[in-house]
Amino acid sequence: MTDWQDEKDGLLAEFLGKKRIGVVCDVDGTLSPIVDDPAAASVRRESVDALNRIQPQVTLLAFVSGRGAADIHERVGVSDAVYVGNHGMEHWQSGEVVVNERVSDFRPNLERVMEGVRVMAPEGVEVEDKGASASVHYRRMQGSQQEVETLKSELEAIAGRHDIEVHSGKMVYELRPPVEINKGTAFRKLVKDHRLEAAIYIGDDVTDVDALRMAAKLRDEGECFGLGVGVRHTDDTPEAVLRHADLLTDGVEDVSAFLDWLSKALSASST
């Protein structure tokens with residue numbers, strides 16, 4: 001892992017030398033600071049400004065998030081970008097959300113799990129219905145680590161009875177259908193669909209590791225010059241993000257600085 005500033009003349013220069021370029025970003029913890037109330041999260045204005053400048057300079061600008069596609073479309077608000085929600089299980093298309101058919105089949109199962117979780121959840125735990133999946137937020141839960149682990153065990157027991165998987169994130173457990181779709185497969189699909197020669201993925205959480213690893217895999221296999229950019233936070237950066245990222249930024253402010261630099265570098269490379 002290397003600070004992105006140290007690779008301006010290395011990996012990033014090679015990236016900028018390609019023709020069909022894609023920039024793909026996570027949202028929470030990458031473009032917006034993590035907050036106690038997920039509904040209150042706000043994308044940094046500096047990042048949005050840079051992304052608006054980047055959009056016409058690249059073949060693809062896309063956002064991949066655990067949030068719903070409609071949510072990130074409204075929250076980010078960059079025109080002519082691609083919005084992929086629920087870790088790749090749905091996308092925004094022609095003004096509406098399109099859910100993968102394999103995922104839709106599990107909606108009744110997910111509803112039963114959410115009902116069971118709401119009954120057993122301790123005070124401070126919030127269940128967010130995202131349509132294709134659900135999030136169980138425990139940031140506000142006043143409990144010990146043992147109680148958090150007990151919560152996860154109970155979630156897994158309920159979910160297991162209805163063929164739903166439990167995935168861990170930052171102060172959240174994700175309830176998802178058992179389909180082979182994640183941010184890594186979503187990133188690969190974007191690369192293939194848009195015939196990209198080079199693509200950057202920027203993310204900060206455990207759920208972004210699949211995409212960071214996919215970027216390296218695509219590069220190693222010669223399919224696309226993929227670069228994984230991890231976001232390092234001072235308090236709780238997952239070790240897997242540090243291990244699998246090619247480059248690192250220091251928090252959401254540095255992501256803004258990186259995007260600003262990238263917009264200027266893309267402009268310079270086109271002249």
# chains A, B, ... in the order shown; residues from 1 in each chain; ligands from 1

call {"tool": "closest_atom_pairs", "arguments": {"of": "range 138-201 of chain A", "to": "range 4-16 of chain A", "cutoff": "10 Å", "atoms": "only C-alpha atoms", "output": "CSV"}}
result
residue,atom,partner,partner_atom,distance
A:Glu197,CA,A:Phe15,CA,8.9
A:Ala198,CA,A:Phe15,CA,6.2
A:Ala199,CA,A:Phe15,CA,7.8
A:Ile200,CA,A:Phe15,CA,8.5

call {"tool": "residues_around", "arguments": {"residues": "Glu90 in chain A", "least_positions_apart": "3", "cutoff": "9 Å", "atoms": "only C-alpha atoms", "output": "VMD selection string"}}
result
chain A and resid 68 to 69 83 to 87 97 to 100 103 132

call {"tool": "write_last_selection", "arguments": {"atoms": "C-alpha atoms", "output": "mmCIF file, in the first residue's frame"}}
result
data_model
loop_
_atom_site.group_PDB
_atom_site.id
_atom_site.type_symbol
_atom_site.label_atom_id
_atom_site.label_comp_id
_atom_site.auth_asym_id
_atom_site.auth_seq_id
_atom_site.Cartn_x
_atom_site.Cartn_y
_atom_site.Cartn_z
ATOM 1 C CA GLY A 68 -30.157 1.791 -2.232
ATOM 2 C CA ALA A 69 -29.611 3.068 -5.763
ATOM 3 C CA TYR A 83 -25.610 4.484 -9.678
ATOM 4 C CA VAL A 84 -25.349 0.926 -8.366
ATOM 5 C CA GLY A 85 -26.983 0.183 -5.015
ATOM 6 C CA ASN A 86 -27.261 -2.630 -2.509
ATOM 7 C CA HIS A 87 -23.709 -3.852 -3.173
ATOM 8 C CA VAL A 97 -34.649 1.266 -9.507
ATOM 9 C CA VAL A 98 -34.033 -2.011 -11.339
ATOM 10 C CA VAL A 99 -33.389 -4.996 -9.042
ATOM 11 C CA ASN A 100 -31.570 -8.136 -10.142
ATOM 12 C CA VAL A 103 -32.426 -10.987 -5.689
ATOM 13 C CA ALA A 132 -33.037 -5.750 -2.022
#

call {"tool": "residues_around", "arguments": {"residues": "Glu223 in chain A", "least_positions_apart": "2", "cutoff": "10 Å", "atoms": "only C-alpha atoms", "output": "list in words"}}
result
Arg188, Val191, Lys192, Arg195, Leu196, Glu197, Ala198, Ala215, Lys217, Leu218, Arg219, Asp220, Glu221, Phe225 and Gly226 of chain A

call {"tool": "closest_residue", "arguments": {"among": "A:Asp26, A:Glu149, A:Asp246, A:Asp105", "to": "Asp204 in chain A", "atoms": "only C-alpha atoms"}}
result
A:Asp26

call {"tool": "closest_residue", "arguments": {"among": "A:Glu156, A:Asp250, A:Glu126, A:Glu180", "to": "Asp235 in chain A", "atoms": "only C-alpha atoms"}}
result
A:Asp250

call {"tool": "select_by_dssp", "arguments": {"residues": "range 57-181 of chain A", "states": "strand (DSSP E or B)", "output": "MDAnalysis selection string"}}
result
chainID A and resid 60:64 82:85 90:93 96:99 126:129 134:137 165:169 172:176

call {"tool": "closest_atom_pairs", "arguments": {"of": "range 194-244 of chain A", "to": "range 31-36 of chain A", "cutoff": "10 Å", "atoms": "only C-alpha atoms", "output": "JSON lines"}}
result
{"residue": "A:Ile202", "atom": "CA", "partner": "A:Leu31", "partner_atom": "CA", "distance": 9.3}
{"residue": "A:Gly203", "atom": "CA", "partner": "A:Leu31", "partner_atom": "CA", "distance": 8.9}
{"residue": "A:Asp204", "atom": "CA", "partner": "A:Leu31", "partner_atom": "CA", "distance": 9.8}
{"residue": "A:Val231", "atom": "CA", "partner": "A:Leu31", "partner_atom": "CA", "distance": 9.9}

call {"tool": "write_last_selection", "arguments": {"atoms": "N, CA and C atoms", "output": "tab-separated table (two decimals), in the first residue's frame"}}
result
chain	number	residue	atom	x	y	z
A	202	ILE	N	-12.59	3.42	-5.43
A	202	ILE	CA	-12.24	4.07	-4.17
A	202	ILE	C	-13.23	3.63	-3.09
A	203	GLY	N	-12.72	3.07	-1.98
A	203	GLY	CA	-13.61	2.63	-0.91
A	203	GLY	C	-12.89	2.47	0.41
A	204	ASP	N	-13.67	2.35	1.49
A	204	ASP	CA	-13.06	2.37	2.83
A	204	ASP	C	-13.44	1.22	3.74
A	231	VAL	N	-9.42	4.10	1.62
A	231	VAL	CA	-9.54	5.31	2.45
A	231	VAL	C	-9.14	4.94	3.87

call {"tool": "atom_distance", "arguments": {"atom1": "CA of Ile181 in chain A", "atom2": "CA of Arg213 in chain A"}}
result
14.4 Å

call {"tool": "closest_residue", "arguments": {"among": "A:Glu239, A:Glu154, A:Glu96, A:Glu165", "to": "Arg118 in chain A", "atoms": "only C-alpha atoms"}}
result
A:Glu154

call {"tool": "closest_residue", "arguments": {"among": "A:Ser153, A:Thr185, A:Gln55, A:Thr207", "to": "Val78 in chain A", "atoms": "only C-alpha atoms"}}
result
A:Gln55

call {"tool": "closest_residue", "arguments": {"among": "A:Ala41, A:Ile158, A:Glu174, A:Asp205", "to": "Asp129 in chain A", "atoms": "only C-alpha atoms"}}
result
A:Glu174

call {"tool": "atom_distance", "arguments": {"atom1": "CA of Leu51 in chain A", "atom2": "CA of Thr249 in chain A"}}
result
16.3 Å
